$ cat run.pdb   # PDB, C-alpha atoms
ATOM      1  CA  MET A 152     174.878 138.321 -12.481
ATOM      2  CA  ASP A 153     171.714 139.758 -13.940
ATOM      3  CA  ILE A 154     168.993 142.200 -13.026
ATOM      4  CA  VAL A 155     165.658 140.656 -14.007
ATOM      5  CA  HIS A 156     162.120 141.992 -13.966
ATOM      6  CA  ARG A 157     158.695 140.934 -15.213
ATOM      7  CA  ILE A 158     155.892 143.395 -15.807
ATOM      8  CA  GLY A 159     152.548 143.272 -17.592
ATOM      9  CA  ALA A 160     150.508 145.972 -19.263
ATOM     10  CA  THR A 161     146.938 145.923 -20.513
ATOM     11  CA  ALA A 162     147.930 147.412 -23.862
ATOM     12  CA  PRO A 163     148.575 145.961 -27.331
ATOM     13  CA  ILE A 164     151.946 144.320 -27.789
ATOM     14  CA  GLU A 165     152.661 146.552 -30.821
ATOM     15  CA  LYS A 166     152.338 149.610 -28.587
ATOM     16  CA  VAL A 167     154.819 148.251 -26.042
ATOM     17  CA  TYR A 168     157.202 147.288 -28.853
ATOM     18  CA  ALA A 169     156.960 150.815 -30.311
ATOM     19  CA  ALA A 170     157.824 152.287 -26.894
ATOM     20  CA  LEU A 171     161.063 150.251 -26.999
ATOM     21  CA  THR A 172     162.048 150.856 -30.622
ATOM     22  CA  THR A 173     161.350 154.521 -31.358
ATOM     23  CA  VAL A 174     163.110 157.599 -29.981
ATOM     24  CA  ASP A 175     159.753 159.206 -29.136
ATOM     25  CA  GLY A 176     158.595 156.059 -27.354
ATOM     26  CA  LEU A 177     161.785 155.698 -25.306
ATOM     27  CA  ALA A 178     161.728 159.415 -24.441
ATOM     28  CA  ALA A 179     158.224 159.022 -23.041
ATOM     29  CA  TRP A 180     159.100 156.506 -20.299
ATOM     30  CA  TRP A 181     162.879 156.392 -19.721
ATOM     31  CA  THR A 182     164.436 159.784 -20.318
ATOM     32  CA  GLU A 183     163.180 162.770 -22.271
ATOM     33  CA  ASP A 184     166.780 163.347 -23.384
ATOM     34  CA  THR A 185     166.926 160.446 -25.868
ATOM     35  CA  ASP A 186     168.163 160.552 -29.437
ATOM     36  CA  GLY A 187     169.845 158.397 -32.046
ATOM     37  CA  ASP A 188     168.800 155.473 -34.188
ATOM     38  CA  ALA A 189     166.667 152.661 -32.735
ATOM     39  CA  ALA A 190     167.104 150.293 -35.708
ATOM     40  CA  PRO A 191     169.482 147.297 -35.587
ATOM     41  CA  GLY A 192     173.071 148.514 -35.824
ATOM     42  CA  GLY A 193     172.028 151.991 -34.690
ATOM     43  CA  LEU A 194     173.243 153.847 -31.629
ATOM     44  CA  LEU A 195     170.826 155.217 -29.015
ATOM     45  CA  ARG A 196     171.930 158.002 -26.677
ATOM     46  CA  PHE A 197     170.146 158.313 -23.333
ATOM     47  CA  ARG A 198     170.999 161.204 -21.025
ATOM     48  CA  PHE A 199     169.963 161.939 -17.431
ATOM     49  CA  PRO A 200     170.914 164.837 -15.153
ATOM     50  CA  PRO A 201     173.820 162.826 -13.628
ATOM     51  CA  GLY A 202     175.091 161.250 -16.898
ATOM     52  CA  GLY A 203     173.908 158.669 -19.352
ATOM     53  CA  PHE A 204     174.329 155.637 -21.562
ATOM     54  CA  ASP A 205     174.970 154.879 -25.224
ATOM     55  CA  MET A 206     173.392 151.648 -26.435
ATOM     56  CA  LYS A 207     174.098 149.788 -29.635
ATOM     57  CA  VAL A 208     170.949 148.123 -30.962
ATOM     58  CA  LEU A 209     171.822 144.472 -31.578
ATOM     59  CA  GLU A 210     168.400 142.958 -32.290
ATOM     60  CA  THR A 211     164.834 144.068 -32.884
ATOM     61  CA  GLU A 212     162.258 141.420 -33.633
ATOM     62  CA  PRO A 213     158.832 143.043 -34.113
ATOM     63  CA  SER A 214     156.565 142.537 -31.078
ATOM     64  CA  ARG A 215     158.986 139.878 -29.745
ATOM     65  CA  ARG A 216     162.383 141.084 -28.645
ATOM     66  CA  VAL A 217     164.782 144.012 -28.333
ATOM     67  CA  LEU A 218     168.455 143.664 -27.397
ATOM     68  CA  TRP A 219     170.967 146.433 -26.742
ATOM     69  CA  GLU A 220     174.619 146.472 -25.763
ATOM     70  CA  VAL A 221     175.950 149.246 -23.567
ATOM     71  CA  VAL A 222     178.878 150.874 -25.392
ATOM     72  CA  ASP A 223     179.318 153.966 -23.215
ATOM     73  CA  GLY A 224     178.266 154.995 -19.714
ATOM     74  CA  PRO A 225     179.275 154.087 -16.161
ATOM     75  CA  GLU A 226     182.168 151.630 -16.087
ATOM     76  CA  GLU A 227     179.997 148.918 -14.494
ATOM     77  CA  TRP A 228     177.572 149.088 -17.442
ATOM     78  CA  ILE A 229     179.993 148.941 -20.360
ATOM     79  CA  GLY A 230     179.703 145.646 -22.222
ATOM     80  CA  THR A 231     176.539 144.618 -20.375
ATOM     81  CA  ARG A 232     173.372 143.856 -22.353
ATOM     82  CA  VAL A 233     169.786 144.908 -21.878
ATOM     83  CA  SER A 234     166.954 142.848 -23.343
ATOM     84  CA  PHE A 235     163.190 143.092 -23.483
ATOM     85  CA  ASP A 236     161.173 139.998 -24.442
ATOM     86  CA  LEU A 237     157.493 140.420 -25.174
ATOM     87  CA  ARG A 238     154.550 138.050 -25.417
ATOM     88  CA  THR A 239     150.787 138.149 -25.059
ATOM     89  CA  GLU A 240     148.914 136.442 -22.201
ATOM     90  CA  GLY A 241     145.167 136.989 -22.606
ATOM     91  CA  GLU A 242     144.535 140.721 -22.238
ATOM     92  CA  TRP A 243     148.095 141.330 -21.023
ATOM     93  CA  THR A 244     151.321 142.139 -22.795
ATOM     94  CA  ILE A 245     154.077 140.544 -20.699
ATOM     95  CA  LEU A 246     157.567 142.036 -20.724
ATOM     96  CA  LEU A 247     160.558 140.099 -19.442
ATOM     97  CA  PHE A 248     163.472 142.421 -18.780
ATOM     98  CA  ARG A 249     167.078 141.425 -18.313
ATOM     99  CA  HIS A 250     170.193 143.526 -17.742
ATOM    100  CA  GLU A 251     172.915 140.918 -17.897
ATOM    101  CA  GLY A 252     176.647 140.677 -17.630
ATOM    102  CA  TRP A 253     177.318 142.582 -14.390
ATOM    103  CA  ARG A 254     180.820 141.606 -13.330
ATOM    104  CA  GLU A 255     180.296 142.239  -9.609
ATOM    105  CA  GLN A 256     177.243 142.480  -7.377
ATOM    106  CA  VAL A 257     178.105 146.044  -6.357
ATOM    107  CA  GLU A 258     175.760 148.403  -4.514
ATOM    108  CA  PHE A 259     175.233 150.296  -7.784
ATOM    109  CA  MET A 260     173.706 147.116  -9.235
ATOM    110  CA  SER A 261     171.131 147.072  -6.398
ATOM    111  CA  HIS A 262     170.329 150.709  -7.144
ATOM    112  CA  CYS A 263     169.942 150.010 -10.866
ATOM    113  CA  SER A 264     167.651 147.047 -10.135
ATOM    114  CA  THR A 265     165.209 149.227  -8.175
ATOM    115  CA  LYS A 266     165.533 152.072 -10.663
ATOM    116  CA  TRP A 267     164.840 149.763 -13.648
ATOM    117  CA  ALA A 268     161.672 148.602 -11.846
ATOM    118  CA  SER A 269     160.525 152.182 -11.450
ATOM    119  CA  TYR A 270     161.183 152.896 -15.156
ATOM    120  CA  LEU A 271     159.321 149.734 -16.188
ATOM    121  CA  LEU A 272     156.374 150.972 -14.092
ATOM    122  CA  SER A 273     156.694 154.233 -16.059
ATOM    123  CA  LEU A 274     156.600 152.251 -19.336
ATOM    124  CA  LYS A 275     153.480 150.400 -18.117
ATOM    125  CA  LYS A 276     151.860 153.721 -17.238
ATOM    126  CA  LEU A 277     152.776 155.167 -20.648
ATOM    127  CA  VAL A 278     151.223 152.370 -22.691
ATOM    128  CA  GLU A 279     148.150 152.092 -20.461
ATOM    129  CA  THR A 280     147.396 155.784 -19.915
ATOM    130  CA  GLY A 281     149.358 157.719 -22.546
ATOM    131  CA  ALA A 282     151.730 159.353 -20.046
ATOM    132  CA  GLY A 283     154.852 157.886 -18.449
ATOM    133  CA  GLU A 284     157.233 159.350 -15.891
ATOM    134  CA  PRO A 285     160.542 159.730 -17.761
ATOM    135  CA  SER A 286     163.618 161.524 -16.426
ATOM    136  CA  PRO A 287     163.937 164.321 -15.330
ATOM    137  CA  ASN A 288     160.467 163.800 -13.833
ATOM    138  CA  ASP A 289     161.101 160.229 -12.718
ATOM    139  CA  VAL A 290     160.499 158.874  -9.207
ATOM    140  CA  ARG A 291     163.442 159.723  -6.962
ATOM    141  CA  ILE A 292     164.245 156.489  -5.136
ATOM    142  CA  SER A 293     167.264 157.591  -3.056
ATOM    143  CA  ASP A 294     170.313 159.854  -2.655
ATOM    144  CA  TRP A 295     171.633 158.283  -5.903
ATOM    145  CA  HIS A 296     168.509 159.504  -7.604
TER     146      HIS A 296
ATOM    147  CA  MET B 153     171.042 133.925  -7.809
ATOM    148  CA  ASP B 154     169.779 136.885  -5.838
ATOM    149  CA  ILE B 155     167.251 139.650  -6.154
ATOM    150  CA  VAL B 156     168.875 142.883  -4.980
ATOM    151  CA  HIS B 157     167.540 146.385  -4.464
ATOM    152  CA  ARG B 158     168.711 149.677  -2.965
ATOM    153  CA  ILE B 159     166.318 152.355  -1.790
ATOM    154  CA  GLY B 160     166.621 155.476   0.345
ATOM    155  CA  ALA B 161     164.117 157.265   2.527
ATOM    156  CA  THR B 162     164.285 160.679   4.152
ATOM    157  CA  ALA B 163     163.192 159.287   7.502
ATOM    158  CA  PRO B 164     165.027 158.292  10.700
ATOM    159  CA  ILE B 165     166.735 154.913  10.587
ATOM    160  CA  GLU B 166     164.866 153.823  13.739
ATOM    161  CA  LYS B 167     161.563 154.344  11.925
ATOM    162  CA  VAL B 168     162.638 152.181   8.971
ATOM    163  CA  TYR B 169     163.920 149.522  11.363
ATOM    164  CA  ALA B 170     160.585 149.543  13.235
ATOM    165  CA  ALA B 171     158.739 149.038   9.924
ATOM    166  CA  LEU B 172     160.789 145.849   9.442
ATOM    167  CA  THR B 173     160.605 144.448  12.965
ATOM    168  CA  THR B 174     157.040 144.990  14.178
ATOM    169  CA  VAL B 175     153.850 143.342  12.969
ATOM    170  CA  ASP B 176     152.142 146.737  12.700
ATOM    171  CA  GLY B 177     155.044 148.156  10.712
ATOM    172  CA  LEU B 178     155.194 145.220   8.286
ATOM    173  CA  ALA B 179     151.406 145.301   7.858
ATOM    174  CA  ALA B 180     151.623 148.953   6.835
ATOM    175  CA  TRP B 181     153.813 148.411   3.749
ATOM    176  CA  TRP B 182     153.887 144.726   2.735
ATOM    177  CA  THR B 183     150.571 143.071   3.529
ATOM    178  CA  GLU B 184     147.824 144.043   5.941
ATOM    179  CA  ASP B 185     147.390 140.340   6.691
ATOM    180  CA  THR B 186     150.551 139.970   8.793
ATOM    181  CA  ASP B 187     150.868 138.332  12.186
ATOM    182  CA  GLY B 188     153.305 136.398  14.333
ATOM    183  CA  ASP B 189     156.455 137.254  16.256
ATOM    184  CA  ALA B 190     159.066 139.582  14.734
ATOM    185  CA  ALA B 191     161.751 138.860  17.376
ATOM    186  CA  PRO B 192     164.727 136.546  16.630
ATOM    187  CA  GLY B 193     163.554 132.928  16.605
ATOM    188  CA  GLY B 194     159.968 134.048  15.979
ATOM    189  CA  LEU B 195     157.786 133.143  13.042
ATOM    190  CA  LEU B 196     156.128 135.809  10.892
ATOM    191  CA  ARG B 197     153.108 134.932   8.768
ATOM    192  CA  PHE B 198     152.407 137.080   5.685
ATOM    193  CA  ARG B 199     149.270 136.451   3.635
ATOM    194  CA  PHE B 200     148.123 137.865   0.281
ATOM    195  CA  PRO B 201     144.992 137.119  -1.750
ATOM    196  CA  PRO B 202     146.813 134.438  -3.807
ATOM    197  CA  GLY B 203     148.781 132.853  -0.916
ATOM    198  CA  GLY B 204     151.626 133.802   1.375
ATOM    199  CA  PHE B 205     154.882 133.180   3.177
ATOM    200  CA  ASP B 206     156.045 132.141   6.634
ATOM    201  CA  MET B 207     159.376 133.617   7.654
ATOM    202  CA  LYS B 208     161.598 132.584  10.530
ATOM    203  CA  VAL B 209     163.382 135.599  11.997
ATOM    204  CA  LEU B 210     167.089 134.730  12.107
ATOM    205  CA  GLU B 211     168.664 138.078  13.036
ATOM    206  CA  THR B 212     167.614 141.531  14.142
ATOM    207  CA  GLU B 213     170.315 144.063  14.862
ATOM    208  CA  PRO B 214     168.738 147.379  15.899
ATOM    209  CA  SER B 215     168.892 149.970  13.109
ATOM    210  CA  ARG B 216     171.399 147.784  11.231
ATOM    211  CA  ARG B 217     170.093 144.507   9.903
ATOM    212  CA  VAL B 218     167.155 142.096   9.654
ATOM    213  CA  LEU B 219     167.418 138.556   8.277
ATOM    214  CA  TRP B 220     164.601 136.089   7.638
ATOM    215  CA  GLU B 221     164.464 132.569   6.276
ATOM    216  CA  VAL B 222     161.468 131.439   4.262
ATOM    217  CA  VAL B 223     160.075 128.300   5.911
ATOM    218  CA  ASP B 224     156.757 128.056   4.056
ATOM    219  CA  GLY B 225     155.314 129.455   0.830
ATOM    220  CA  PRO B 226     155.827 128.873  -2.908
ATOM    221  CA  GLU B 227     158.289 126.042  -3.548
ATOM    222  CA  GLU B 228     160.778 128.428  -5.186
ATOM    223  CA  TRP B 229     160.936 130.511  -1.987
ATOM    224  CA  ILE B 230     161.424 127.780   0.599
ATOM    225  CA  GLY B 231     164.905 127.922   2.095
ATOM    226  CA  THR B 232     165.700 131.296   0.525
ATOM    227  CA  ARG B 233     166.677 134.217   2.756
ATOM    228  CA  VAL B 234     165.560 137.826   2.811
ATOM    229  CA  SER B 235     167.759 140.525   4.343
ATOM    230  CA  PHE B 236     167.503 144.243   4.936
ATOM    231  CA  ASP B 237     170.685 146.186   5.763
ATOM    232  CA  LEU B 238     170.341 149.758   6.953
ATOM    233  CA  ARG B 239     172.708 152.689   7.258
ATOM    234  CA  THR B 240     172.557 156.470   7.331
ATOM    235  CA  GLU B 241     173.920 158.689   4.518
ATOM    236  CA  GLY B 242     173.382 162.362   5.424
ATOM    237  CA  GLU B 243     169.635 162.961   5.557
ATOM    238  CA  TRP B 244     168.917 159.548   4.002
ATOM    239  CA  THR B 245     168.342 156.134   5.483
ATOM    240  CA  ILE B 246     169.691 153.658   2.927
ATOM    241  CA  LEU B 247     168.227 150.160   2.733
ATOM    242  CA  LEU B 248     170.020 147.357   0.908
ATOM    243  CA  PHE B 249     167.643 144.516   0.176
ATOM    244  CA  ARG B 250     168.602 140.995  -0.802
ATOM    245  CA  HIS B 251     166.475 137.915  -1.483
ATOM    246  CA  GLU B 252     169.095 135.229  -1.919
ATOM    247  CA  GLY B 253     169.303 131.551  -2.621
ATOM    248  CA  TRP B 254     167.064 131.210  -5.686
ATOM    249  CA  ARG B 255     167.925 127.860  -7.246
ATOM    250  CA  GLU B 256     166.883 128.806 -10.776
ATOM    251  CA  GLN B 257     166.365 132.072 -12.632
ATOM    252  CA  VAL B 258     162.719 131.282 -13.343
ATOM    253  CA  GLU B 259     160.167 133.780 -14.631
ATOM    254  CA  PHE B 260     158.643 133.908 -11.142
ATOM    255  CA  MET B 261     161.974 135.314  -9.898
ATOM    256  CA  SER B 262     161.674 138.194 -12.399
ATOM    257  CA  HIS B 263     158.131 138.843 -11.163
ATOM    258  CA  CYS B 264     159.255 138.825  -7.523
ATOM    259  CA  SER B 265     162.097 141.235  -8.320
ATOM    260  CA  THR B 266     159.705 143.842  -9.728
ATOM    261  CA  LYS B 267     157.162 143.188  -6.985
ATOM    262  CA  TRP B 268     159.779 143.579  -4.231
ATOM    263  CA  ALA B 269     160.724 146.954  -5.772
ATOM    264  CA  SER B 270     157.107 148.082  -5.635
ATOM    265  CA  TYR B 271     156.830 147.007  -1.980
ATOM    266  CA  LEU B 272     160.079 148.789  -1.103
ATOM    267  CA  LEU B 273     158.605 151.935  -2.698
ATOM    268  CA  SER B 274     155.583 151.330  -0.423
ATOM    269  CA  LEU B 275     157.924 151.105   2.590
ATOM    270  CA  LYS B 276     159.616 154.370   1.538
ATOM    271  CA  LYS B 277     156.208 156.018   1.232
ATOM    272  CA  LEU B 278     155.148 154.705   4.651
ATOM    273  CA  VAL B 279     158.159 156.071   6.534
ATOM    274  CA  GLU B 280     158.164 159.378   4.640
ATOM    275  CA  THR B 281     154.424 160.137   4.612
ATOM    276  CA  GLY B 282     152.810 157.854   7.214
ATOM    277  CA  ALA B 283     150.919 155.740   4.645
ATOM    278  CA  GLY B 284     152.207 152.835   2.553
ATOM    279  CA  GLU B 285     150.468 150.721  -0.092
ATOM    280  CA  PRO B 286     150.323 147.231   1.433
ATOM    281  CA  SER B 287     148.407 144.288  -0.044
ATOM    282  CA  PRO B 288     145.496 144.036  -0.841
ATOM    283  CA  ASN B 289     145.836 147.680  -1.973
ATOM    284  CA  ASP B 290     149.243 147.232  -3.564
ATOM    285  CA  VAL B 291     150.207 148.241  -7.096
ATOM    286  CA  ARG B 292     149.135 145.542  -9.557
ATOM    287  CA  ILE B 293     152.135 145.014 -11.811
ATOM    288  CA  SER B 294     150.821 142.224 -14.099
ATOM    289  CA  ASP B 295     148.558 139.202 -14.569
ATOM    290  CA  TRP B 296     150.473 137.569 -11.691
ATOM    291  CA  HIS B 297     149.403 140.477  -9.543
TER     292      HIS B 297
END
$ encode --input "run.pdb" --output "structure tokens"
Amino acid sequence: MDIVHRIGATAPIEKVYAALTTVDGLAAWWTEDTDGDAAPGGLLRFRFPPGGFDMKVLETEPSRRVLWEVVDGPEEWIGTRVSFDLRTEGEWTILLFRHEGWREQVEFMSHCSTKWASYLLSLKKLVETGAGEPSPNDVRISDWH
Amino acid sequence: MDIVHRIGATAPIEKVYAALTTVDGLAAWWTEDTDGDAAPGGLLRFRFPPGGFDMKVLETEPSRRVLWEVVDGPEEWIGTRVSFDLRTEGEWTILLFRHEGWREQVEFMSHCSTKWASYLLSLKKLVETGAGEPSPNDVRISDWH
């Protein structure tokens, strides 16, 4: 069971790729509390007011693909993988997102699906306007934040 | 394969239910070009600039659940089902959304997942503030609108 999303941004593909493969880029759309090493084999640490995730970087293919594995975080996330595939369509950079390997379609998965969409909208805003909406100033979608 | 989302609104459950079971309510968050009959057995017609969907209303359980079946629209949607399950958690009305029965995990499914999230954020905005962002004034998420 996977969470999937597709979003487009009118920004150069290199800019979107940089927002996925640098600590400063990630901190500008997902969570300000990001550190670690975004290169293959590195560990990225993302923290939010209620907790966070550690991701091992498995693949980075310039302006094409980024793949992480979740090595620490909520039990439902551990061992799942998050990928971002990029391509150009005319004036658009298209991002295909996948968070795969959920073992059960729990309510938390539904929450994460909506929340990922809101963060991808933040990424779009970042690369198009220069300012995203990363945590702790992200859109609150529900009681689960 | 299903698209799932979870969203919460600080608004009475009856108000969220009304936004899912009246033509005026649906037109205020999904698409302004909505008509038809939102009662069980009725047919709802939703239109957007690039096309639209006809939904047969299968179930409506006041302040609990709404279930539709897609009877016309893009080929990938026909025969799929869309459900909204509601409950109260403290000051929140929680909505669990499911669009189930996709036959293949095509790229259009990823697009619809992100787009559904943006419409559910429009529904949240409608019931919390009185104004949603229905089509044709919805958030453009990509080249596929």
$ closest_residue --input "run.pdb" --among "A:Pro213, A:Pro163, A:Gly252, A:Pro285" --to "A:Trp267" --atoms "only C-alpha atoms"
A:Pro285
$ closest_atom_pairs --input "run.pdb" --of "chain A" --to "chain B" --cutoff "7 Å" --atoms "all atoms listed in the file" --output "CSV"
residue,atom,partner,partner_atom,distance
A:Val155,CA,B:Ser262,CA,5.0
A:His156,CA,B:Ser262,CA,4.1
A:Arg157,CA,B:His263,CA,4.6
A:Ile158,CA,B:Ser294,CA,5.5
A:Gly159,CA,B:Ser294,CA,4.0
A:Ala160,CA,B:Ser294,CA,6.4
A:Trp243,CA,B:Asp295,CA,6.8
A:Ser261,CA,B:His157,CA,4.1
A:His262,CA,B:Arg158,CA,4.6
A:Ser264,CA,B:His157,CA,5.7
A:Thr265,CA,B:His157,CA,5.2
A:Ala268,CA,B:Thr266,CA,5.6
A:Ile292,CA,B:Ile159,CA,5.7
A:Ser293,CA,B:Gly160,CA,4.1
A:Asp294,CA,B:Gly160,CA,6.5
$ residues_around --input "run.pdb" --residues "stretch 164-180 of chain A" --least-positions-apart "3" --cutoff "7 Å" --atoms "only C-alpha atoms" --output "PyMOL selection string"
chain A and resi 183-186+189+213-214+239+244+270+273-274+277-278+283-285
$ residues_around --input "run.pdb" --residues "stretch 204-208 of chain A" --least-positions-apart "2" --cutoff "10 Å" --atoms "all atoms listed in the file" --output "JSON, numbers by chain"
{"A": [172, 185, 186, 187, 188, 189, 190, 191, 192, 193, 194, 195, 196, 197, 198, 199, 202, 210, 211, 217, 218, 219, 220, 221, 222, 223, 224, 225, 228, 229, 230, 231, 232, 233]}
$ write_last_selection --input "run.pdb" --atoms "C-alpha atoms" --output "mmCIF file, in the coordinates of the input"
data_model
loop_
_atom_site.group_PDB
_atom_site.id
_atom_site.type_symbol
_atom_site.label_atom_id
_atom_site.label_comp_id
_atom_site.auth_asym_id
_atom_site.auth_seq_id
_atom_site.Cartn_x
_atom_site.Cartn_y
_atom_site.Cartn_z
ATOM 1 C CA THR A 172 162.048 150.856 -30.622
ATOM 2 C CA THR A 185 166.926 160.446 -25.868
ATOM 3 C CA ASP A 186 168.163 160.552 -29.437
ATOM 4 C CA GLY A 187 169.845 158.397 -32.046
ATOM 5 C CA ASP A 188 168.800 155.473 -34.188
ATOM 6 C CA ALA A 189 166.667 152.661 -32.735
ATOM 7 C CA ALA A 190 167.104 150.293 -35.708
ATOM 8 C CA PRO A 191 169.482 147.297 -35.587
ATOM 9 C CA GLY A 192 173.071 148.514 -35.824
ATOM 10 C CA GLY A 193 172.028 151.991 -34.690
ATOM 11 C CA LEU A 194 173.243 153.847 -31.629
ATOM 12 C CA LEU A 195 170.826 155.217 -29.015
ATOM 13 C CA ARG A 196 171.930 158.002 -26.677
ATOM 14 C CA PHE A 197 170.146 158.313 -23.333
ATOM 15 C CA ARG A 198 170.999 161.204 -21.025
ATOM 16 C CA PHE A 199 169.963 161.939 -17.431
ATOM 17 C CA GLY A 202 175.091 161.250 -16.898
ATOM 18 C CA GLU A 210 168.400 142.958 -32.290
ATOM 19 C CA THR A 211 164.834 144.068 -32.884
ATOM 20 C CA VAL A 217 164.782 144.012 -28.333
ATOM 21 C CA LEU A 218 168.455 143.664 -27.397
ATOM 22 C CA TRP A 219 170.967 146.433 -26.742
ATOM 23 C CA GLU A 220 174.619 146.472 -25.763
ATOM 24 C CA VAL A 221 175.950 149.246 -23.567
ATOM 25 C CA VAL A 222 178.878 150.874 -25.392
ATOM 26 C CA ASP A 223 179.318 153.966 -23.215
ATOM 27 C CA GLY A 224 178.266 154.995 -19.714
ATOM 28 C CA PRO A 225 179.275 154.087 -16.161
ATOM 29 C CA TRP A 228 177.572 149.088 -17.442
ATOM 30 C CA ILE A 229 179.993 148.941 -20.360
ATOM 31 C CA GLY A 230 179.703 145.646 -22.222
ATOM 32 C CA THR A 231 176.539 144.618 -20.375
ATOM 33 C CA ARG A 232 173.372 143.856 -22.353
ATOM 34 C CA VAL A 233 169.786 144.908 -21.878
#
$ atom_distance --input "run.pdb" --atom1 "atom CA of A:Asn288" --atom2 "atom CA of B:Arg239"
26.8 Å
$ atom_distance --input "run.pdb" --atom1 "atom CA of B:Glu213" --atom2 "atom CA of B:His251"
17.9 Å
$ decode --input "run.pdb" --residues "stretch 248-271 of chain B" --atoms "C-alpha atoms" --output "compact mmCIF listing (two decimals), in the first residue's frame"
# COMPACT_ATOMS: atom_id res chain seq x y z
CA LEU B 248 -11.92 10.02 6.48
CA PHE B 249 -11.91 10.08 2.71
CA ARG B 250 -11.50 7.10 0.42
CA HIS B 251 -11.57 6.82 -3.37
CA GLU B 252 -11.40 3.08 -3.89
CA GLY B 253 -11.35 0.60 -6.70
CA TRP B 254 -8.60 2.01 -8.93
CA ARG B 255 -7.60 -0.82 -11.26
CA GLU B 256 -4.06 0.42 -11.86
CA GLN B 257 -1.70 2.77 -10.05
CA VAL B 258 -1.45 5.10 -13.04
CA GLU B 259 0.04 8.59 -12.96
CA PHE B 260 -3.49 10.02 -13.12
CA MET B 261 -4.17 8.35 -9.76
CA SER B 262 -1.23 10.26 -8.23
CA HIS B 263 -2.63 13.49 -9.68
CA CYS B 264 -6.10 12.76 -8.30
CA SER B 265 -4.65 12.00 -4.86
CA THR B 266 -3.00 15.43 -4.62
CA LYS B 267 -6.03 17.13 -6.16
CA TRP B 268 -8.43 15.45 -3.71
CA ALA B 269 -6.24 16.74 -0.85
CA SER B 270 -6.48 20.28 -2.20
CA TYR B 271 -10.28 19.99 -2.48
